[in-house]
Each structure stands twice: as structure tokens, then as C-alpha cells.
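Please read the structure below before turning to the comments.
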Amino acid sequence: MKADLTKAIKILNEGSYTCVLCKESKIYTSTERGVKSLLNWQESGVDFRGFCAADKIVGKAAAFLYVLLGVKEVYAYVMSKAAIDTLIKNNIQIQYDNAAEKIINRSGTGFCPMEEAVWDIDVPEQAKQAIKKKLLQM
């Protein structure tokens, strides 16, 4: 598993990707910002259990989607404290460069709308529904 995470981090660092999932010879990458790629992967029917993920920013919404994907380990440049708690509670190993109190929106003016949408949620499936609802509103 360590080799998979190392590979995912290397691909993230060397490419212009926002997220990378690796397991053995299987590699999935995304250049989309936000949680859309995670949601699409989760709904794709592909079995991501046991994959390792490297991501630029992981807030609580992304953390819930990683839980639903069934990944074993997540690395991020920045991870919110709520994401850290969510991943640990769901037995997902974590590594990060910087812990943030919360993830801010892209304009830097407030709370990330995805993080806000799941802030008071503790059940992954409920979080997924809140994320989908928020994406439809945006």
C-alpha cells in the first residue's frame, strides 16, 4: 500500500492533476477542481476499495467521498481538521502537509460551500446527498 501512495503523490506532484488514485497498476487522475471527480468516481460503479489517494485539498466533503470510495489512505497538501477527524473515524490512514481549521472558498471570502454543506453531518451517505444538492444549486 505504501508504494501506491508514493506513486499517487509522485503523479500529483509531477502532473497538473488535482487528484490521483492508485492501486497497483491502476491509476485514475483528475484535473477538475472541487469534489466533482470524487463524486463521479463514487457513482461510476468502479471498485476503488484499497486504493490510495493523493489530493491537493481535502475538506470534510471530500473526506466523506473518500470514505464512500473505500480508499485505504489519503494524502493532501492541505486537509481540514474536520476532514482529518472524518477520515480517522472511518479507519482511513492520512498524511498531509498542512492542517487547516476549515477550507475557504475559491475567492477567499468565506467557508467552502462543500465543506459548509456537510459541516453538521456525520453519515457518509447523508453527506453525499448534501454534496449533490449543493452542486445542483451552484
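Going through the C-alpha cells in order, the chains are called A, B, and so on, while each chain numbers its residues from 1 and the ligands are numbered from 1 in the order shown.
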Query raised in the report: Would you give me, as number ranges by chain, the residues in chain A that DSSP reads as alpha helix (DSSP H)?
Result: A: 2-14, 36-43, 60-69, 81-89, 113-118, 124-137
Report task. Taking the chain letters and numbering used in this document, name the residues of segment 22-121 of chain A that DSSP puts in strand (DSSP E), as a count of residues only. Result -> 30
**Report entry** segment 73-78 of chain A surroundings by only C-alpha atoms, 9 Å radius, close-in-sequence under 5 positions cut, as a VMD selection string
**Finding:** chain A and resid 1 to 2 5 8 to 9 50 to 59 63 66 87 91 to 100 103
Query raised in the report: Quick one: residues within 8 Å of Ala61 of chain A, only C-alpha atoms counted, chain neighbours fewer than 6 positions away excluded, as a list in words?
Result: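 These residues fall inside the cut-off: Val35, Ala83, Met114, Glu115, Ala117, Val118, Ala127, Lys128 and Ile131 of chain A.
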Query raised in the report: Counting only C-alpha atoms, which of A:Asn90, A:Leu38, A:Glu101, A:Ala3 gets nearest to Val20 of chain A?
Result: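 Going through A:Asn90, A:Leu38, A:Glu101, A:Ala3 one by one, the smallest distance to Val20 of chain A is for A:Leu38.
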Query raised in the report: Do you know which residues are at most 12 Å from Lys36 of chain A counting only C-alpha atoms, after dropping those on the same chain fewer than 3 positions away, and could you put them as a PyMOL selection string?
Result: chain A and resi 18-19+30-33+39-43+61-62+65+114+128+131-132+134-136
Report summary line: Trp119 of chain A proximity check over A:Thr6, A:Ser16, A:Thr86, A:Ser25, using only C-alpha atoms: winner is A:Thr86
**Report entry** Å distance separating atom CA of Ser44 of chain A from atom CA of Ala130 of chain A, one decimal place
**Finding:**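 Taking atom CA of Ser44 of chain A and atom CA of Ala130 of chain A, their separation equals 18.6 Å.
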